[in-house]
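J.: Got entry_34.csv for you, CSV, C-alpha atoms:
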```
chain,number,residue,atom,x,y,z
A,1,GLY,CA,2.5,-94.6,-57.8
A,2,ILE,CA,-0.8,-93.0,-58.8
A,3,GLN,CA,-0.9,-89.3,-58.9
A,4,VAL,CA,-3.9,-87.3,-57.6
A,5,GLU,CA,-4.3,-83.7,-58.5
A,6,GLN,CA,-7.1,-81.4,-57.3
A,7,SER,CA,-8.2,-78.1,-58.6
A,8,PRO,CA,-8.6,-75.3,-57.9
A,9,PRO,CA,-6.3,-75.1,-54.9
A,10,ASP,CA,-8.3,-72.3,-53.4
A,11,LEU,CA,-11.9,-71.1,-53.9
A,12,ILE,CA,-13.7,-68.2,-52.4
A,13,LEU,CA,-17.5,-67.9,-52.8
A,14,GLN,CA,-20.3,-65.8,-51.6
A,15,GLU,CA,-23.0,-67.7,-49.6
A,16,GLY,CA,-25.6,-69.1,-52.0
A,17,ALA,CA,-23.2,-69.6,-54.9
A,18,ASN,CA,-22.5,-73.0,-56.6
A,19,SER,CA,-19.1,-74.5,-57.1
A,20,THR,CA,-17.3,-77.4,-58.8
A,21,LEU,CA,-14.2,-79.1,-57.5
A,22,ARG,CA,-12.2,-81.4,-59.6
A,23,CYS,CA,-10.0,-84.4,-58.9
A,24,ASN,CA,-7.8,-85.9,-61.6
A,25,PHE,CA,-6.0,-89.2,-61.2
A,26,SER,CA,-3.2,-90.7,-63.3
A,27,ASP,CA,-4.3,-94.4,-63.4
A,28,SER,CA,-7.4,-96.5,-63.1
A,29,VAL,CA,-8.9,-96.6,-59.6
A,30,ASN,CA,-11.0,-99.1,-57.7
A,31,ASN,CA,-11.9,-96.8,-54.9
A,32,LEU,CA,-12.4,-93.0,-54.8
A,33,GLN,CA,-13.8,-91.0,-51.9
A,34,TRP,CA,-14.4,-87.4,-51.2
A,35,PHE,CA,-13.7,-85.9,-47.8
A,36,HIS,CA,-14.4,-82.6,-46.1
A,37,GLN,CA,-12.0,-81.3,-43.4
A,38,ASN,CA,-13.7,-78.6,-41.4
A,39,PRO,CA,-11.9,-75.7,-39.8
A,40,TRP,CA,-11.5,-77.7,-36.6
A,41,GLY,CA,-9.6,-80.4,-38.4
A,42,GLN,CA,-12.2,-83.1,-38.5
A,43,LEU,CA,-12.3,-85.3,-41.6
A,44,ILE,CA,-15.7,-86.3,-42.8
A,45,ASN,CA,-16.4,-88.8,-45.5
A,46,LEU,CA,-18.7,-87.3,-48.1
A,47,PHE,CA,-18.9,-89.9,-50.9
A,48,TYR,CA,-17.6,-93.2,-52.0
A,49,ILE,CA,-17.7,-92.9,-55.8
A,50,PRO,CA,-15.3,-94.9,-58.0
A,51,SER,CA,-17.8,-94.4,-60.9
A,52,GLY,CA,-21.1,-92.8,-61.6
A,53,THR,CA,-23.0,-90.1,-59.8
A,54,LYS,CA,-24.3,-89.7,-56.3
A,55,GLN,CA,-26.2,-86.9,-54.5
A,56,ASN,CA,-26.6,-86.1,-50.9
A,57,GLY,CA,-28.5,-82.9,-50.2
A,58,ARG,CA,-26.7,-79.9,-51.7
A,59,LEU,CA,-23.7,-82.0,-52.5
A,60,SER,CA,-23.3,-84.3,-55.5
A,61,ALA,CA,-20.4,-86.1,-57.1
A,62,THR,CA,-19.6,-87.6,-60.4
A,63,THR,CA,-16.7,-89.8,-61.4
A,64,VAL,CA,-15.8,-90.6,-65.0
A,65,ALA,CA,-13.4,-93.4,-64.5
A,66,THR,CA,-12.6,-93.9,-68.2
A,67,GLU,CA,-11.4,-90.3,-68.3
A,68,ARG,CA,-9.8,-90.4,-64.9
A,69,TYR,CA,-11.5,-87.6,-63.1
A,70,SER,CA,-14.1,-86.9,-60.5
A,71,LEU,CA,-16.1,-83.8,-59.7
A,72,LEU,CA,-17.7,-82.6,-56.5
A,73,TYR,CA,-20.6,-80.1,-56.8
A,74,ILE,CA,-21.7,-77.9,-54.0
A,75,SER,CA,-24.9,-76.0,-54.6
A,76,SER,CA,-26.3,-73.0,-52.6
A,77,SER,CA,-23.1,-72.9,-50.6
A,78,GLN,CA,-23.2,-72.1,-46.9
A,79,THR,CA,-20.6,-70.8,-44.5
A,80,THR,CA,-20.5,-74.2,-42.9
A,81,ASP,CA,-19.2,-75.6,-46.2
A,82,SER,CA,-15.9,-73.9,-45.6
A,83,GLY,CA,-12.9,-76.0,-45.2
A,84,VAL,CA,-10.7,-78.2,-47.3
A,85,TYR,CA,-12.1,-80.8,-49.7
A,86,PHE,CA,-9.9,-83.9,-50.5
A,87,CYS,CA,-10.3,-86.7,-52.8
A,88,ALA,CA,-8.5,-90.0,-52.1
A,89,VAL,CA,-8.1,-93.1,-54.3
A,90,ASN,CA,-7.5,-96.8,-54.2
A,91,ASN,CA,-7.3,-99.2,-51.3
A,92,ASP,CA,-4.4,-97.3,-49.6
A,93,MET,CA,-6.3,-94.0,-49.9
A,94,ARG,CA,-3.8,-91.7,-51.5
A,95,PHE,CA,-4.9,-88.1,-51.1
A,96,GLY,CA,-4.8,-85.1,-53.4
A,97,ALA,CA,-3.5,-81.8,-52.0
A,98,GLY,CA,-7.1,-80.6,-51.5
A,99,THR,CA,-9.2,-77.5,-52.4
A,100,ARG,CA,-9.6,-74.9,-49.7
A,101,LEU,CA,-13.1,-73.5,-49.9
A,102,THR,CA,-14.0,-70.3,-48.1
A,103,VAL,CA,-17.7,-69.3,-48.2
A,104,LYS,CA,-18.3,-65.7,-47.1
A,105,PRO,CA,-21.6,-64.5,-45.7
B,1,ASP,CA,-18.5,-89.8,-34.0
B,2,SER,CA,-16.7,-91.9,-36.6
B,3,GLY,CA,-16.0,-94.8,-34.2
B,4,VAL,CA,-12.3,-94.4,-34.6
B,5,THR,CA,-10.6,-93.5,-31.4
B,6,GLN,CA,-7.2,-91.9,-31.2
B,7,THR,CA,-5.1,-91.1,-28.1
B,8,PRO,CA,-3.7,-88.8,-26.9
B,9,LYS,CA,-5.5,-85.9,-28.5
B,10,HIS,CA,-2.7,-83.5,-27.8
B,11,LEU,CA,1.0,-84.1,-27.0
B,12,ILE,CA,3.9,-81.8,-26.4
B,13,THR,CA,7.3,-83.2,-26.2
B,14,ALA,CA,11.0,-82.2,-26.7
B,15,THR,CA,13.3,-82.9,-29.6
B,16,GLY,CA,15.0,-86.2,-29.4
B,17,GLN,CA,12.2,-87.9,-27.5
B,18,ARG,CA,10.0,-90.8,-28.5
B,19,VAL,CA,6.2,-90.9,-28.5
B,20,THR,CA,3.5,-93.5,-29.2
B,21,LEU,CA,0.2,-92.7,-30.7
B,22,ARG,CA,-2.6,-95.1,-30.3
B,23,CYS,CA,-5.6,-95.9,-32.5
B,24,SER,CA,-8.6,-98.1,-32.0
B,25,PRO,CA,-10.4,-98.8,-35.3
B,26,ARG,CA,-14.2,-99.0,-35.8
B,27,SER,CA,-15.7,-102.2,-34.7
B,28,GLY,CA,-15.3,-104.8,-37.4
B,29,ASP,CA,-12.8,-102.8,-39.4
B,30,LEU,CA,-9.6,-104.8,-40.2
B,31,SER,CA,-7.7,-102.1,-42.0
B,32,VAL,CA,-5.9,-99.2,-40.3
B,33,TYR,CA,-4.2,-96.2,-42.0
B,34,TRP,CA,-1.9,-93.6,-40.6
B,35,TYR,CA,-1.5,-90.1,-42.0
B,36,GLN,CA,0.5,-87.0,-41.2
B,37,GLN,CA,-0.8,-83.5,-41.8
B,38,SER,CA,1.6,-80.7,-41.2
B,39,LEU,CA,0.4,-77.1,-41.0
B,40,ASP,CA,-1.4,-76.1,-44.1
B,41,GLN,CA,-0.3,-79.3,-45.8
B,42,GLY,CA,-2.3,-82.1,-47.3
B,43,LEU,CA,-2.6,-85.6,-45.9
B,44,GLN,CA,0.6,-87.6,-46.3
B,45,PHE,CA,0.0,-91.3,-46.3
B,46,LEU,CA,2.3,-93.1,-43.9
B,47,ILE,CA,1.4,-96.7,-43.7
B,48,GLN,CA,-1.5,-99.1,-43.9
B,49,TYR,CA,-2.2,-102.4,-42.0
B,50,TYR,CA,-4.7,-105.0,-42.6
B,51,ASN,CA,-5.5,-107.6,-39.9
B,52,GLY,CA,-2.1,-107.3,-38.4
B,53,GLU,CA,0.0,-107.2,-41.6
B,54,GLU,CA,1.5,-104.3,-43.3
B,55,ARG,CA,-0.3,-103.7,-46.7
B,56,ALA,CA,1.1,-100.4,-48.0
B,57,LYS,CA,3.8,-98.0,-47.1
B,58,GLY,CA,4.0,-94.3,-48.0
B,59,ASN,CA,6.3,-91.6,-47.0
B,60,ILE,CA,7.1,-92.9,-43.6
B,61,LEU,CA,10.5,-92.0,-42.1
B,62,GLU,CA,12.8,-94.6,-40.8
B,63,ARG,CA,12.5,-93.0,-37.4
B,64,PHE,CA,8.8,-93.9,-37.4
B,65,SER,CA,7.3,-97.3,-37.1
B,66,ALA,CA,3.9,-98.8,-36.7
B,67,GLN,CA,2.2,-102.0,-35.9
B,68,GLN,CA,-1.3,-103.5,-35.6
B,69,PHE,CA,-2.0,-105.8,-32.7
B,70,PRO,CA,-4.2,-109.0,-32.6
B,71,ASP,CA,-7.0,-106.9,-31.1
B,72,LEU,CA,-6.7,-104.7,-34.2
B,73,HIS,CA,-5.7,-101.6,-32.4
B,74,SER,CA,-2.6,-99.9,-33.9
B,75,GLU,CA,0.3,-97.8,-32.6
B,76,LEU,CA,2.5,-95.3,-34.4
B,77,ASN,CA,5.9,-94.9,-32.8
B,78,LEU,CA,7.8,-91.7,-33.5
B,79,SER,CA,11.4,-91.5,-32.3
B,80,SER,CA,14.3,-89.1,-32.3
B,81,LEU,CA,11.7,-86.4,-32.7
B,82,GLU,CA,12.5,-83.2,-34.6
B,83,LEU,CA,10.8,-79.9,-34.8
B,84,GLY,CA,9.5,-80.7,-38.2
B,85,ASP,CA,7.6,-83.7,-36.9
B,86,SER,CA,5.1,-81.4,-35.3
B,87,ALA,CA,1.9,-82.2,-37.1
B,88,LEU,CA,-1.6,-83.7,-36.8
B,89,TYR,CA,-1.5,-87.4,-37.0
B,90,PHE,CA,-4.6,-89.2,-38.2
B,91,CYS,CA,-5.6,-92.7,-37.9
B,92,ALA,CA,-8.4,-94.1,-40.1
B,93,SER,CA,-10.0,-97.5,-40.5
B,94,SER,CA,-12.1,-99.4,-43.1
B,95,GLY,CA,-13.0,-102.8,-44.2
B,96,TRP,CA,-10.9,-104.2,-47.0
B,97,GLY,CA,-11.3,-103.7,-50.7
B,98,ALA,CA,-13.3,-101.5,-53.0
B,99,GLY,CA,-16.6,-100.3,-51.6
B,100,ASN,CA,-15.3,-99.8,-48.1
B,101,THR,CA,-15.7,-96.3,-46.7
B,102,ILE,CA,-12.8,-95.0,-44.7
B,103,TYR,CA,-13.5,-93.3,-41.4
B,104,PHE,CA,-11.1,-91.0,-39.7
B,105,GLY,CA,-10.4,-90.4,-36.0
B,106,GLU,CA,-10.1,-86.9,-34.6
B,107,GLY,CA,-6.3,-86.9,-34.8
B,108,SER,CA,-3.5,-86.5,-32.4
B,109,TRP,CA,-1.8,-83.1,-32.3
B,110,LEU,CA,1.9,-83.5,-31.8
B,111,THR,CA,4.0,-80.5,-30.9
B,112,VAL,CA,7.8,-80.9,-30.7
B,113,VAL,CA,9.6,-78.1,-28.9
```
For this file, produce the structure as structure tokens.
T.:
Amino acid sequence: GIQVEQSPPDLILQEGANSTLRCNFSDSVNNLQWFHQNPWGQLINLFYIPSGTKQNGRLSATTVATERYSLLYISSSQTTDSGVYFCAVNNDMRFGAGTRLTVKP
Amino acid sequence: DSGVTQTPKHLITATGQRVTLRCSPRSGDLSVYWYQQSLDQGLQFLIQYYNGEERAKGNILERFSAQQFPDLHSELNLSSLELGDSALYFCASSGWGAGNTIYFGEGSWLTVV
């Protein structure tokens, strides 16, 4: 099956810094979504982005389907951005291992 | 509120027992997914149903089974429980096909003692 790899596994930032999270996938995809799991365990959908670029406030995402990767950008990070960020692909939503982000005040 | 409802929220049971986790998908969603998340682990895909039929199967143990009923709610049955089955079990729902956002419930915390 398709392999999904995320990097970096862990990221520690100071409040206000910017960051880029990466998701590589081993085959073509028809569906790619980014999720944030907050420290209380809730999973929130951030973007549906099988290709192209989208922005939502301080977050944006870009997927280059031909090169099999997607990037999630977080600008001016806040402590509330802490948690684990996952990407998931295809109709059965296979998840990567996630990037654990810690934003320090 | 994602619109996906999972019950129970917390469950403590003994090894060897059987439990059933229940999921009601968002109104109109035909597809239901189950995931297992152990402590500090990623989300392991277990199984997916679409309109009552199994669509995809992941790393689901033989001791586990699931089904989706005509009213579209789903149940995940976990039997002969072991300590290692302690985890957060998520249900999610979506429409079918590309372009359908997936929404997660708040999860069911299972502790096996």
J.: Select, from A:Gly96, A:Gly57, A:Pro39, A:Pro9, the residue with the minimum atom-to-atom distance to chain B, counting all atoms listed in the file.
T.: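 Nearest candidate to chain B out of A:Gly96, A:Gly57, A:Pro39, A:Pro9: A:Gly96.
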J.: Identify all chain B residues at most 12 Å from chain A by counting all atoms listed in the file; ligands do not count. Present them as a short mmCIF file (atom, residue, chain, number, x, y, z; two decimals) with C-alpha atoms, in the coordinates of the input.
T.:
```cif
data_model
loop_
_atom_site.label_atom_id
_atom_site.label_comp_id
_atom_site.auth_asym_id
_atom_site.auth_seq_id
_atom_site.Cartn_x
_atom_site.Cartn_y
_atom_site.Cartn_z
CA ASP B 1 -18.50 -89.80 -34.00
CA SER B 2 -16.70 -91.90 -36.60
CA VAL B 4 -12.30 -94.40 -34.60
CA SER B 31 -7.70 -102.10 -42.00
CA VAL B 32 -5.90 -99.20 -40.30
CA TYR B 33 -4.20 -96.20 -42.00
CA TRP B 34 -1.90 -93.60 -40.60
CA TYR B 35 -1.50 -90.10 -42.00
CA GLN B 36 0.50 -87.00 -41.20
CA GLN B 37 -0.80 -83.50 -41.80
CA SER B 38 1.60 -80.70 -41.20
CA LEU B 39 0.40 -77.10 -41.00
CA ASP B 40 -1.40 -76.10 -44.10
CA GLN B 41 -0.30 -79.30 -45.80
CA GLY B 42 -2.30 -82.10 -47.30
CA LEU B 43 -2.60 -85.60 -45.90
CA GLN B 44 0.60 -87.60 -46.30
CA PHE B 45 0.00 -91.30 -46.30
CA LEU B 46 2.30 -93.10 -43.90
CA ILE B 47 1.40 -96.70 -43.70
CA GLN B 48 -1.50 -99.10 -43.90
CA TYR B 49 -2.20 -102.40 -42.00
CA TYR B 50 -4.70 -105.00 -42.60
CA GLU B 54 1.50 -104.30 -43.30
CA ARG B 55 -0.30 -103.70 -46.70
CA ALA B 56 1.10 -100.40 -48.00
CA LYS B 57 3.80 -98.00 -47.10
CA GLY B 58 4.00 -94.30 -48.00
CA ASN B 59 6.30 -91.60 -47.00
CA ALA B 87 1.90 -82.20 -37.10
CA LEU B 88 -1.60 -83.70 -36.80
CA TYR B 89 -1.50 -87.40 -37.00
CA PHE B 90 -4.60 -89.20 -38.20
CA CYS B 91 -5.60 -92.70 -37.90
CA ALA B 92 -8.40 -94.10 -40.10
CA SER B 93 -10.00 -97.50 -40.50
CA SER B 94 -12.10 -99.40 -43.10
CA GLY B 95 -13.00 -102.80 -44.20
CA TRP B 96 -10.90 -104.20 -47.00
CA GLY B 97 -11.30 -103.70 -50.70
CA ALA B 98 -13.30 -101.50 -53.00
CA GLY B 99 -16.60 -100.30 -51.60
CA ASN B 100 -15.30 -99.80 -48.10
CA THR B 101 -15.70 -96.30 -46.70
CA ILE B 102 -12.80 -95.00 -44.70
CA TYR B 103 -13.50 -93.30 -41.40
CA PHE B 104 -11.10 -91.00 -39.70
CA GLY B 105 -10.40 -90.40 -36.00
CA GLU B 106 -10.10 -86.90 -34.60
CA GLY B 107 -6.30 -86.90 -34.80
CA SER B 108 -3.50 -86.50 -32.40
CA TRP B 109 -1.80 -83.10 -32.30
#
```
J.: Excluding Leu11 in chain A and any residue of its chain fewer than 4 positions from it, enumerate the residues within 8 Å of it, using all atoms listed in the file, and give them as a list in words.
T.: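 Everything that qualifies: Thr99, Arg100, Leu101 and Thr102 of chain A.
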J.: Would you mind telling me which residue in B:Thr7, B:Asn51, B:Ser65, B:Ser79 lies nearest to Cys23 in chain B when using all atoms listed in the file?
T.: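 So, comparing all the options, the nearest one is B:Thr7.
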J.: Nearest to Leu83 in chain B among B:Glu53, B:Pro8, B:Arg26, B:Val113, with distances taken over all atoms listed in the file: which residue is it?
T.: B:Val113
J.: Quick one: pull the distance between CA of Thr66 in chain A and CA of Gly83 in chain A, Å, one decimal.
T.: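 According to the coordinates, CA of Thr66 in chain A and CA of Gly83 in chain A are separated by 29.1 Å.
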J.: Could you give me, as an MDAnalysis selection string, the residues within 9 Å of Ser27 in chain B, counting all atoms listed in the file and dropping anything in the same chain fewer than 2 positions from it?
T.: chainID B and resid 3:4 24:25 29:30
J.: Could you give me, as a list of chain:residue names, the residues within 9 Å of Asn24 in chain A, counting all atoms listed in the file and dropping anything in the same chain fewer than 5 positions from it?
T.: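 With the cut-off at 9 Å, the set is A:Gln3, A:Val4, A:Glu5, A:Gln6, A:Ser7, A:Glu67, A:Arg68, A:Tyr69, A:Ser70, A:Leu71, A:Gly96.
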J.: Between B:Arg18, B:Thr111, B:Phe64, B:Leu76, which one has atoms that come closest to Gln6 in chain B, using all atoms listed in the file?
T.: B:Leu76
J.: Could you tell me how far CA of Asn38 in chain A sits from CA of Lys104 in chain A, in Å to one decimal place?
T.: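 The value is 14.8 Å.
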J.: Expressed in Å to a single decimal, how great is the separation between CA of Ile12 in chain B and CA of Leu78 in chain B?
T.: 12.8 Å
J.: Give me range 22-33 of chain B with all heavy atoms filled in, as a PDB file, keeping the file's coordinate frame.
T.:
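Saved the output as out-v1.pdb:
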```pdb
ATOM      1  N   ARG B  22      -1.799 -93.923 -30.334  1.00  0.00           N
ATOM      2  CA  ARG B  22      -2.600 -95.100 -30.300  1.00  0.00           C
ATOM      3  C   ARG B  22      -3.917 -94.918 -31.097  1.00  0.00           C
ATOM      4  O   ARG B  22      -4.490 -93.822 -31.066  1.00  0.00           O
ATOM      5  CB  ARG B  22      -2.917 -95.542 -28.906  1.00  0.00           C
ATOM      6  CG  ARG B  22      -3.734 -96.819 -28.771  1.00  0.00           C
ATOM      7  CD  ARG B  22      -4.136 -97.056 -27.324  1.00  0.00           C
ATOM      8  NE  ARG B  22      -5.111 -98.139 -27.240  1.00  0.00           N
ATOM      9  CZ  ARG B  22      -4.816 -99.383 -26.901  1.00  0.00           C
ATOM     10  NH1 ARG B  22      -3.565 -99.708 -26.601  1.00  0.00           N
ATOM     11  NH2 ARG B  22      -5.754-100.307 -26.838  1.00  0.00           N
ATOM     12  N   CYS B  23      -4.364 -95.981 -31.746  1.00  0.00           N
ATOM     13  CA  CYS B  23      -5.600 -95.900 -32.500  1.00  0.00           C
ATOM     14  C   CYS B  23      -6.404 -97.171 -32.347  1.00  0.00           C
ATOM     15  O   CYS B  23      -5.886 -98.284 -32.496  1.00  0.00           O
ATOM     16  CB  CYS B  23      -5.243 -95.743 -34.020  1.00  0.00           C
ATOM     17  SG  CYS B  23      -6.641 -95.915 -35.147  1.00  0.00           S
ATOM     18  N   SER B  24      -7.685 -96.991 -32.058  1.00  0.00           N
ATOM     19  CA  SER B  24      -8.600 -98.100 -32.000  1.00  0.00           C
ATOM     20  C   SER B  24      -9.568 -97.955 -33.208  1.00  0.00           C
ATOM     21  O   SER B  24     -10.284 -96.949 -33.287  1.00  0.00           O
ATOM     22  CB  SER B  24      -9.404 -98.138 -30.723  1.00  0.00           C
ATOM     23  OG  SER B  24      -8.545 -98.398 -29.642  1.00  0.00           O
ATOM     24  N   PRO B  25      -9.598 -98.914 -34.114  1.00  0.00           N
ATOM     25  CA  PRO B  25     -10.400 -98.800 -35.300  1.00  0.00           C
ATOM     26  C   PRO B  25     -11.915 -98.980 -34.964  1.00  0.00           C
ATOM     27  O   PRO B  25     -12.263 -99.387 -33.854  1.00  0.00           O
ATOM     28  CB  PRO B  25      -9.944 -99.887 -36.222  1.00  0.00           C
ATOM     29  CG  PRO B  25      -9.432-100.928 -35.287  1.00  0.00           C
ATOM     30  CD  PRO B  25      -8.851-100.170 -34.116  1.00  0.00           C
ATOM     31  N   ARG B  26     -12.764 -98.674 -35.936  1.00  0.00           N
ATOM     32  CA  ARG B  26     -14.200 -99.000 -35.800  1.00  0.00           C
ATOM     33  C   ARG B  26     -14.396-100.450 -35.615  1.00  0.00           C
ATOM     34  O   ARG B  26     -13.640-101.261 -36.149  1.00  0.00           O
ATOM     35  CB  ARG B  26     -14.938 -98.515 -37.053  1.00  0.00           C
ATOM     36  CG  ARG B  26     -15.208 -97.045 -37.161  1.00  0.00           C
ATOM     37  CD  ARG B  26     -15.637 -96.655 -38.559  1.00  0.00           C
ATOM     38  NE  ARG B  26     -16.328 -97.706 -39.272  1.00  0.00           N
ATOM     39  CZ  ARG B  26     -17.633 -97.734 -39.504  1.00  0.00           C
ATOM     40  NH1 ARG B  26     -18.406 -96.767 -39.044  1.00  0.00           N
ATOM     41  NH2 ARG B  26     -18.171 -98.721 -40.191  1.00  0.00           N
ATOM     42  N   SER B  27     -15.444-100.775 -34.886  1.00  0.00           N
ATOM     43  CA  SER B  27     -15.700-102.200 -34.700  1.00  0.00           C
ATOM     44  C   SER B  27     -15.912-102.905 -35.993  1.00  0.00           C
ATOM     45  O   SER B  27     -16.673-102.461 -36.860  1.00  0.00           O
ATOM     46  CB  SER B  27     -17.024-102.287 -33.829  1.00  0.00           C
ATOM     47  OG  SER B  27     -17.371-103.631 -33.638  1.00  0.00           O
ATOM     48  N   GLY B  28     -15.176-103.992 -36.158  1.00  0.00           N
ATOM     49  CA  GLY B  28     -15.300-104.800 -37.400  1.00  0.00           C
ATOM     50  C   GLY B  28     -14.348-104.404 -38.492  1.00  0.00           C
ATOM     51  O   GLY B  28     -14.180-105.157 -39.451  1.00  0.00           O
ATOM     52  N   ASP B  29     -13.742-103.220 -38.391  1.00  0.00           N
ATOM     53  CA  ASP B  29     -12.800-102.800 -39.400  1.00  0.00           C
ATOM     54  C   ASP B  29     -11.455-103.486 -39.231  1.00  0.00           C
ATOM     55  O   ASP B  29     -10.896-103.459 -38.135  1.00  0.00           O
ATOM     56  CB  ASP B  29     -12.603-101.289 -39.440  1.00  0.00           C
ATOM     57  CG  ASP B  29     -13.769-100.566 -40.079  1.00  0.00           C
ATOM     58  OD1 ASP B  29     -14.666-101.246 -40.630  1.00  0.00           O
ATOM     59  OD2 ASP B  29     -13.779 -99.316 -40.047  1.00  0.00           O
ATOM     60  N   LEU B  30     -10.917-104.054 -40.292  1.00  0.00           N
ATOM     61  CA  LEU B  30      -9.600-104.800 -40.200  1.00  0.00           C
ATOM     62  C   LEU B  30      -8.468-103.920 -40.692  1.00  0.00           C
ATOM     63  O   LEU B  30      -7.320-104.264 -40.437  1.00  0.00           O
ATOM     64  CB  LEU B  30      -9.703-106.058 -41.004  1.00  0.00           C
ATOM     65  CG  LEU B  30     -10.772-107.069 -40.577  1.00  0.00           C
ATOM     66  CD1 LEU B  30     -10.720-108.298 -41.478  1.00  0.00           C
ATOM     67  CD2 LEU B  30     -10.584-107.486 -39.117  1.00  0.00           C
ATOM     68  N   SER B  31      -8.771-102.874 -41.427  1.00  0.00           N
ATOM     69  CA  SER B  31      -7.700-102.100 -42.000  1.00  0.00           C
ATOM     70  C   SER B  31      -7.526-100.769 -41.288  1.00  0.00           C
ATOM     71  O   SER B  31      -8.491-100.087 -40.957  1.00  0.00           O
ATOM     72  CB  SER B  31      -8.079-101.797 -43.504  1.00  0.00           C
ATOM     73  OG  SER B  31      -6.969-101.346 -44.221  1.00  0.00           O
ATOM     74  N   VAL B  32      -6.265-100.430 -41.025  1.00  0.00           N
ATOM     75  CA  VAL B  32      -5.900 -99.200 -40.300  1.00  0.00           C
ATOM     76  C   VAL B  32      -4.901 -98.432 -41.160  1.00  0.00           C
ATOM     77  O   VAL B  32      -3.972 -99.017 -41.715  1.00  0.00           O
ATOM     78  CB  VAL B  32      -5.337 -99.494 -38.927  1.00  0.00           C
ATOM     79  CG1 VAL B  32      -4.739 -98.233 -38.326  1.00  0.00           C
ATOM     80  CG2 VAL B  32      -6.405-100.060 -38.009  1.00  0.00           C
ATOM     81  N   TYR B  33      -5.100 -97.130 -41.236  1.00  0.00           N
ATOM     82  CA  TYR B  33      -4.200 -96.200 -42.000  1.00  0.00           C
ATOM     83  C   TYR B  33      -3.673 -95.172 -41.022  1.00  0.00           C
ATOM     84  O   TYR B  33      -4.382 -94.727 -40.120  1.00  0.00           O
ATOM     85  CB  TYR B  33      -4.966 -95.505 -43.091  1.00  0.00           C
ATOM     86  CG  TYR B  33      -5.837 -96.348 -43.985  1.00  0.00           C
ATOM     87  CD1 TYR B  33      -7.062 -96.849 -43.544  1.00  0.00           C
ATOM     88  CD2 TYR B  33      -5.460 -96.614 -45.302  1.00  0.00           C
ATOM     89  CE1 TYR B  33      -7.872 -97.595 -44.381  1.00  0.00           C
ATOM     90  CE2 TYR B  33      -6.280 -97.355 -46.141  1.00  0.00           C
ATOM     91  CZ  TYR B  33      -7.474 -97.847 -45.667  1.00  0.00           C
ATOM     92  OH  TYR B  33      -8.282 -98.584 -46.490  1.00  0.00           O
TER      93      TYR B  33
END
```
